[in-house]
>>> print(open('target38.txt').read())   # compact mmCIF, C-alpha atoms
# COMPACT_ATOMS: atom_id res chain seq x y z
CA MET Y 1 -12.72 26.57 -1.83
CA ILE Y 2 -12.53 22.77 -2.13
CA CYS Y 3 -9.30 21.12 -3.26
CA ASP Y 4 -10.43 17.88 -4.91
CA LEU Y 5 -7.01 16.30 -5.50
CA CYS Y 6 -7.24 13.79 -2.64
CA PRO Y 7 -9.95 12.38 -0.36
CA HIS Y 8 -9.36 15.02 2.32
CA MET Y 9 -11.25 17.46 0.05
CA CYS Y 10 -9.84 20.36 2.07
CA ASP Y 11 -12.08 23.43 2.23
CA ILE Y 12 -9.37 26.09 2.00
CA PRO Y 13 -10.11 29.76 2.68
CA GLU Y 14 -8.59 32.50 0.54
CA GLY Y 15 -4.92 32.79 1.51
CA GLY Y 16 -5.00 29.51 3.43
CA VAL Y 17 -3.28 26.18 2.84
CA GLY Y 18 -4.55 22.61 2.84
CA LEU Y 19 -3.57 19.77 5.14
CA CYS Y 20 -0.70 18.85 2.81
CA LYS Y 21 0.90 22.33 3.18
CA ALA Y 22 1.55 22.30 -0.56
CA ARG Y 23 -1.80 23.50 -1.91
CA ALA Y 24 -3.39 26.88 -1.23
CA VAL Y 25 -6.17 29.16 -2.44
CA LYS Y 26 -5.06 32.36 -4.12
CA GLY Y 27 -7.33 34.61 -6.14
CA GLY Y 28 -10.20 32.17 -5.76
CA LYS Y 29 -8.26 29.26 -7.25
CA VAL Y 30 -6.57 26.21 -5.77
CA THR Y 31 -2.86 26.68 -6.40
CA CYS Y 32 0.07 24.29 -6.13
CA ILE Y 33 2.45 26.36 -4.01
CA ASN Y 34 5.25 23.82 -4.25
CA TYR Y 35 5.20 24.10 -8.05
CA GLY Y 36 8.83 23.99 -9.17
CA ARG Y 37 10.11 24.02 -5.60
CA VAL Y 38 12.78 21.32 -5.44
CA THR Y 39 14.23 20.30 -2.08
CA GLY Y 40 16.45 17.54 -3.44
CA ILE Y 41 17.71 16.23 -6.77
CA ALA Y 42 20.27 13.49 -7.41
CA ILE Y 43 21.02 10.56 -9.69
CA LYS Y 44 20.70 7.23 -7.85
CA PRO Y 45 20.31 3.53 -8.61
CA ILE Y 46 16.67 2.82 -9.41
CA THR Y 47 16.74 0.09 -6.76
CA GLU Y 48 16.80 2.90 -4.16
CA VAL Y 49 13.32 4.10 -5.17
CA PRO Y 50 12.89 1.11 -4.51
CA LEU Y 51 12.18 -0.66 -7.79
CA ARG Y 52 13.78 -4.08 -8.09
CA HIS Y 53 12.07 -5.48 -11.20
CA PHE Y 54 12.04 -2.38 -13.42
CA HIS Y 55 15.32 -1.71 -15.26
CA PRO Y 56 17.21 -2.81 -12.13
CA GLU Y 57 20.70 -2.08 -13.50
CA SER Y 58 19.83 1.53 -14.31
CA GLY Y 59 20.12 4.85 -12.60
CA ILE Y 60 17.41 7.48 -12.34
CA VAL Y 61 17.24 11.16 -11.46
CA THR Y 62 15.39 11.49 -8.15
CA ILE Y 63 13.51 14.71 -7.43
CA GLY Y 64 11.72 15.87 -4.28
CA SER Y 65 9.71 18.87 -3.12
CA PHE Y 66 7.78 19.48 0.13
CA GLY Y 67 4.44 18.55 1.63
CA CYS Y 68 2.37 15.40 2.14
CA ASN Y 69 -1.34 14.65 2.46
CA MET Y 70 -0.82 12.05 5.18
CA ASN Y 71 0.72 12.43 8.63
CA CYS Y 72 2.60 9.26 9.54
CA ARG Y 73 4.20 9.24 12.97
CA PHE Y 74 6.98 7.06 11.53
CA CYS Y 75 7.81 9.24 8.49
CA ASP Y 76 11.51 9.13 7.62
CA THR Y 77 11.40 12.22 5.38
CA TYR Y 78 9.42 14.41 7.79
CA GLU Y 79 11.82 17.35 7.37
CA ILE Y 80 10.32 17.98 3.93
CA SER Y 81 7.10 15.95 4.00
CA ALA Y 82 5.74 17.73 7.07
CA SER Y 83 7.06 21.12 6.00
CA GLY Y 84 5.44 23.97 4.15
CA ALA Y 85 6.56 26.83 1.96
CA GLY Y 86 9.28 27.93 4.37
CA VAL Y 87 11.44 24.87 3.71
CA ASN Y 88 14.74 25.40 1.92
CA SER Y 89 14.33 24.73 -1.79
CA SER Y 90 15.44 25.77 -5.26
CA LYS Y 91 13.14 26.99 -8.02
CA TYR Y 92 12.96 25.12 -11.34
CA THR Y 93 10.68 25.22 -14.34
CA ALA Y 94 9.28 21.96 -15.68
CA ALA Y 95 11.38 22.49 -18.81
CA GLN Y 96 14.54 22.80 -16.72
CA VAL Y 97 13.76 19.59 -14.81
CA ALA Y 98 13.00 17.65 -17.98
CA GLU Y 99 16.12 18.96 -19.72
CA GLY Y 100 18.24 18.13 -16.68
CA VAL Y 101 16.83 14.61 -16.53
CA SER Y 102 17.59 14.12 -20.22
CA ALA Y 103 21.12 15.48 -19.85
CA LEU Y 104 21.97 12.69 -17.39
CA ARG Y 105 21.09 9.96 -19.87
CA GLY Y 106 24.80 9.55 -20.56
CA ARG Y 107 25.40 8.69 -16.90
CA GLY Y 108 23.07 5.70 -17.04
CA SER Y 109 19.83 7.43 -16.08
CA ILE Y 110 16.63 6.23 -17.74
CA GLY Y 111 14.46 9.16 -16.62
CA GLY Y 112 13.07 10.94 -13.57
CA ALA Y 113 11.65 9.65 -10.27
CA PHE Y 114 9.50 11.98 -8.18
CA MET Y 115 9.81 10.98 -4.55
CA TYR Y 116 11.10 11.90 -1.03
CA ASN Y 117 8.00 13.92 -0.07
CA GLU Y 118 4.59 12.93 -1.42
CA PRO Y 119 4.92 13.93 -5.09
CA LEU Y 120 1.21 13.93 -5.90
CA VAL Y 121 0.51 16.99 -3.74
CA GLY Y 122 2.51 18.81 -6.43
CA TYR Y 123 0.25 17.29 -9.07
CA GLU Y 124 0.46 20.09 -11.63
CA PHE Y 125 4.25 20.19 -11.61
CA ILE Y 126 4.51 16.40 -11.83
CA MET Y 127 2.12 16.42 -14.79
CA ASP Y 128 4.06 19.15 -16.62
CA CYS Y 129 7.43 17.49 -15.99
CA ALA Y 130 6.19 14.01 -16.87
CA LYS Y 131 4.77 15.12 -20.21
CA LEU Y 132 8.06 16.73 -21.21
CA ILE Y 133 10.25 13.88 -19.98
CA LYS Y 134 8.22 11.36 -21.98
CA GLU Y 135 7.08 13.26 -25.04
CA LYS Y 136 10.04 15.54 -25.70
CA TYR Y 137 12.94 13.42 -24.45
CA GLY Y 138 11.57 9.88 -24.67
CA GLN Y 139 12.60 8.93 -21.14
CA LEU Y 140 10.76 7.18 -18.32
CA VAL Y 141 8.82 8.65 -15.40
CA VAL Y 142 8.57 7.03 -11.98
CA LEU Y 143 6.58 7.91 -8.85
CA LYS Y 144 7.22 6.91 -5.24
CA THR Y 145 3.82 7.70 -3.70
CA ASN Y 146 1.48 6.96 -0.82
CA GLY Y 147 -1.32 6.42 -3.34
CA TYR Y 148 -3.69 8.78 -1.54
CA ILE Y 149 -5.31 10.52 -4.51
CA ASN Y 150 -8.78 10.79 -5.97
CA ALA Y 151 -9.55 8.64 -9.00
CA GLU Y 152 -10.15 11.39 -11.57
CA PRO Y 153 -6.84 13.28 -11.29
CA PHE Y 154 -4.99 9.97 -11.01
CA GLU Y 155 -6.57 8.80 -14.25
CA HIS Y 156 -5.32 11.90 -16.08
CA LEU Y 157 -1.77 11.34 -14.84
CA LEU Y 158 -1.47 7.61 -15.53
CA PRO Y 159 -0.64 7.83 -19.26
CA PHE Y 160 2.58 9.65 -18.39
CA ILE Y 161 3.82 7.27 -15.69
CA ASP Y 162 5.90 4.18 -16.45
CA ALA Y 163 6.39 2.74 -12.96
CA MET Y 164 5.40 3.37 -9.36
CA ASN Y 165 6.39 2.25 -5.95
CA ILE Y 166 3.26 2.66 -3.82
CA ASP Y 167 3.27 2.57 -0.03
CA LEU Y 168 0.85 0.13 1.56
CA LYS Y 169 1.40 0.97 5.21
CA GLY Y 170 -0.40 -2.07 6.56
CA PHE Y 171 -3.52 -4.07 5.90
CA SER Y 172 -5.81 -2.78 8.61
CA GLY Y 173 -7.67 0.47 8.74
CA SER Y 174 -6.11 1.44 12.08
CA ILE Y 175 -2.65 2.36 10.78
CA TYR Y 176 -4.26 4.59 8.17
CA GLU Y 177 -6.57 6.20 10.71
CA ARG Y 178 -3.49 7.14 12.76
CA SER Y 179 -1.87 8.53 9.61
CA ARG Y 180 -4.86 10.56 8.36
CA GLY Y 181 -5.53 8.37 5.36
CA ASP Y 182 -7.71 5.43 4.42
CA ILE Y 183 -6.73 2.02 3.15
CA GLU Y 184 -9.54 1.65 0.61
CA THR Y 185 -8.35 4.67 -1.38
CA VAL Y 186 -4.82 3.27 -1.46
CA LYS Y 187 -6.03 -0.17 -2.49
CA ALA Y 188 -8.03 1.39 -5.32
CA THR Y 189 -4.96 3.33 -6.44
CA ILE Y 190 -2.83 0.18 -6.42
CA SER Y 191 -5.43 -1.81 -8.37
CA ARG Y 192 -5.80 0.87 -11.04
CA ALA Y 193 -2.06 1.53 -11.32
CA MET Y 194 -1.38 -2.16 -11.91
CA GLU Y 195 -3.62 -1.97 -14.98
CA SER Y 196 -1.54 0.86 -16.43
CA CYS Y 197 2.13 0.54 -15.48
CA HIS Y 198 4.73 -1.42 -13.53
CA VAL Y 199 3.96 -1.31 -9.78
CA GLU Y 200 5.93 -2.40 -6.75
CA ILE Y 201 4.77 -2.06 -3.15
CA SER Y 202 6.58 -0.87 -0.01
CA THR Y 203 5.39 -1.66 3.51
CA PRO Y 204 7.07 -0.48 6.71
CA VAL Y 205 7.20 -3.11 9.45
CA ILE Y 206 6.47 -1.34 12.72
CA PRO Y 207 6.40 -3.27 16.01
CA GLY Y 208 3.01 -2.90 17.65
CA TYR Y 209 1.39 -1.38 14.55
CA ASN Y 210 1.38 -3.87 11.67
CA ASP Y 211 3.75 -6.66 12.73
CA THR Y 212 1.55 -9.75 12.87
CA ALA Y 213 2.07 -12.61 10.45
CA GLU Y 214 -1.71 -12.78 9.94
CA GLU Y 215 -1.94 -9.18 8.72
CA THR Y 216 1.10 -9.52 6.49
CA GLU Y 217 -0.17 -12.76 4.96
CA ALA Y 218 -3.58 -11.19 4.32
CA MET Y 219 -1.94 -8.22 2.62
CA ALA Y 220 0.19 -10.51 0.45
CA ALA Y 221 -2.85 -12.58 -0.48
CA TRP Y 222 -4.67 -9.46 -1.66
CA LEU Y 223 -1.67 -8.31 -3.70
CA ALA Y 224 -1.36 -11.78 -5.21
CA SER Y 225 -5.02 -11.64 -6.21
CA LEU Y 226 -4.11 -8.63 -8.37
CA ASN Y 227 -0.85 -10.07 -9.68
CA ARG Y 228 1.13 -12.95 -8.21
CA GLU Y 229 4.30 -11.38 -9.64
CA THR Y 230 3.84 -8.29 -7.45
CA VAL Y 231 7.08 -7.14 -5.85
CA LEU Y 232 6.80 -6.34 -2.13
CA HIS Y 233 9.48 -4.41 -0.25
CA LEU Y 234 9.40 -4.77 3.54
CA ILE Y 235 11.09 -1.85 5.28
CA PRO Y 236 12.29 -2.31 8.88
CA PHE Y 237 11.14 0.51 11.15
CA LYS Y 238 13.80 2.64 12.81
CA PRO Y 239 12.83 5.15 15.52
CA ASN Y 240 12.28 8.61 14.07
CA TYR Y 241 9.94 11.65 13.85
CA LYS Y 242 7.20 11.16 16.48
CA MET Y 243 8.32 7.64 17.41
CA TRP Y 244 11.85 8.17 18.71
CA GLY Y 245 11.07 6.15 21.82
CA ASP Y 246 9.75 3.10 19.99
CA LYS Y 247 11.74 -0.05 19.37
CA PRO Y 248 13.10 -0.84 15.91
CA ALA Y 249 12.05 -3.85 13.87
CA SER Y 250 14.41 -6.73 14.60
CA GLU Y 251 16.01 -9.01 12.02
CA GLU Y 252 13.94 -11.87 13.43
CA LEU Y 253 10.70 -9.93 12.98
CA MET Y 254 11.63 -9.00 9.41
CA ALA Y 255 12.37 -12.64 8.57
CA ASP Y 256 8.99 -13.66 10.01
CA MET Y 257 7.17 -11.01 7.97
CA GLN Y 258 8.99 -12.03 4.81
CA ALA Y 259 8.05 -15.66 5.36
CA ALA Y 260 4.41 -14.71 5.92
CA ALA Y 261 4.30 -12.66 2.72
CA MET Y 262 5.96 -15.40 0.70
CA VAL Y 263 3.05 -17.72 1.39
CA HIS Y 264 1.38 -15.82 -1.46
CA LEU Y 265 4.11 -13.78 -3.20
CA LYS Y 266 7.46 -14.95 -4.53
CA ASN Y 267 9.11 -11.53 -4.89
CA VAL Y 268 9.45 -10.28 -1.31
CA TYR Y 269 12.50 -8.26 -0.31
CA ILE Y 270 13.73 -6.84 2.98
CA VAL Y 271 15.04 -3.34 2.35
CA ASN Y 272 18.38 -2.69 4.02
CA THR Y 273 18.27 0.95 5.10
>>> encode(input="target38.txt", output="structure tokens")
Amino acid sequence: MICDLCPHMCDIPEGGVGLCKARAVKGGKVTCINYGRVTGIAIKPITEVPLRHFHPESGIVTIGSFGCNMNCRFCDTYEISASGAGVNSSKYTAAQVAEGVSALRGRGSIGGAFMYNEPLVGYEFIMDCAKLIKEKYGQLVVLKTNGYINAEPFEHLLPFIDAMNIDLKGFSGSIYERSRGDIETVKATISRAMESCHVEISTPVIPGYNDTAEETEAMAAWLASLNRETVLHLIPFKPNYKMWGDKPASEELMADMQAAAMVHLKNVYIVNT
């Protein structure tokens, strides 16, 4: 059976799972097997999402599950993103998540942020939680996502999302080919999201992958064509997952990439991780 959530369009047999390890076919239906499965929940500054220009003095409840529909060799949350149903997690209902998010309002939280793994592979749970957080409790909903989703399901979700940080992993097709994604889908997601809610962008800077000033300037120019006020977060690569032997991004490289991006954008930050 075809799962039509993202461009992979996985043809999943009965009892099997899709590439993301979070969606399966049971009883002839595509099922979200990470529904309500929470691998991490905490209240954090919203700047750690990262969102720098969206209620920057506030906190937010961050929530993660498991699974991802891309396979980045440089993933820094691979323990949950590359894992399936066997990962350690706790079971919550959408009502419990929404109520818990609301209960932390008194500690400076403005809502819930779905992140850590790729939240959109748990689309049904995100939708159910987001509706309750917004409609019942009047709080805000944030996504930290790779943006790799088909247009129709994304359109249905957008009314319930207030802000996103979307990964743009580079501005050439090659980095997406290595990561089992495609840049045009992500660009379409970014363009549409910017019409609906606050959007900030995160880009890892990886030596040998996407570290030329020309590529970074081209990416910034495209973002500026959508909105010159776009916030871009540049994240220095540190060896991890399948790239333990690779060299980290130096301070000098990060400064060069920031300067290249600021030819077109004025809100460019280096994320200190």
>>> atom_distance(input="target38.txt", atom1="CA of Ile46 in chain Y", atom2="CA of Gly84 in chain Y")
27.5 Å
>>> closest_residue(input="target38.txt", among="Y:Asn272, Y:Ile206, Y:Met257, Y:Gly147", to="Ile183 in chain Y", atoms="only C-alpha atoms")
Y:Gly147
>>> closest_residue(input="target38.txt", among="Y:Ile2, Y:Leu253, Y:Val49, Y:Val263", to="Lys29 in chain Y", atoms="only C-alpha atoms")
Y:Ile2
>>> closest_residue(input="target38.txt", among="Y:Lys91, Y:Lys44, Y:His55, Y:Arg73", to="Lys242 in chain Y", atoms="all atoms listed in the file")
Y:Arg73
>>> closest_residue(input="target38.txt", among="Y:Val142, Y:Asn88, Y:Arg105, Y:Ile12", to="Thr62 in chain Y", atoms="only C-alpha atoms")
Y:Val142
>>> closest_residue(input="target38.txt", among="Y:Tyr92, Y:Phe154, Y:Tyr137, Y:Phe66", to="Asn117 in chain Y", atoms="all atoms listed in the file")
Y:Phe66
>>> build_atoms(input="target38.txt", residues="range 19-34 of chain Y", atoms="N, CA and C atoms", output="CSV table (one decimal), in the frame of the given file")
chain,number,residue,atom,x,y,z
Y,19,LEU,N,-4.2,20.7,4.2
Y,19,LEU,CA,-3.6,19.8,5.1
Y,19,LEU,C,-2.2,19.4,4.7
Y,20,CYS,N,-2.0,19.3,3.4
Y,20,CYS,CA,-0.7,18.8,2.8
Y,20,CYS,C,0.4,19.9,2.9
Y,21,LYS,N,0.0,21.2,3.1
Y,21,LYS,CA,0.9,22.3,3.2
Y,21,LYS,C,1.5,22.7,1.8
Y,22,ALA,N,1.0,22.1,0.8
Y,22,ALA,CA,1.6,22.3,-0.6
Y,22,ALA,C,0.5,22.9,-1.5
Y,23,ARG,N,-0.7,23.0,-1.1
Y,23,ARG,CA,-1.8,23.5,-1.9
Y,23,ARG,C,-2.5,24.6,-1.2
Y,24,ALA,N,-2.8,25.7,-1.9
Y,24,ALA,CA,-3.4,26.9,-1.2
Y,24,ALA,C,-4.5,27.5,-2.1
Y,25,VAL,N,-5.2,28.4,-1.6
Y,25,VAL,CA,-6.2,29.2,-2.4
Y,25,VAL,C,-5.7,30.6,-2.6
Y,26,LYS,N,-5.5,31.0,-3.8
Y,26,LYS,CA,-5.1,32.4,-4.1
Y,26,LYS,C,-5.9,32.9,-5.3
Y,27,GLY,N,-6.5,34.0,-5.1
Y,27,GLY,CA,-7.3,34.6,-6.1
Y,27,GLY,C,-8.5,33.7,-6.5
Y,28,GLY,N,-9.0,33.0,-5.5
Y,28,GLY,CA,-10.2,32.2,-5.8
Y,28,GLY,C,-9.9,30.9,-6.5
Y,29,LYS,N,-8.6,30.5,-6.6
Y,29,LYS,CA,-8.3,29.3,-7.2
Y,29,LYS,C,-7.4,28.4,-6.4
Y,30,VAL,N,-7.5,27.1,-6.5
Y,30,VAL,CA,-6.6,26.2,-5.8
Y,30,VAL,C,-5.3,26.2,-6.5
Y,31,THR,N,-4.2,26.5,-5.8
Y,31,THR,CA,-2.9,26.7,-6.4
Y,31,THR,C,-1.9,25.7,-5.8
Y,32,CYS,N,-1.0,25.2,-6.6
Y,32,CYS,CA,0.1,24.3,-6.1
Y,32,CYS,C,1.3,25.2,-5.7
Y,33,ILE,N,1.4,25.4,-4.4
Y,33,ILE,CA,2.4,26.4,-4.0
Y,33,ILE,C,3.8,25.7,-4.0
Y,34,ASN,N,3.9,24.4,-4.1
Y,34,ASN,CA,5.2,23.8,-4.2
Y,34,ASN,C,5.6,23.6,-5.7
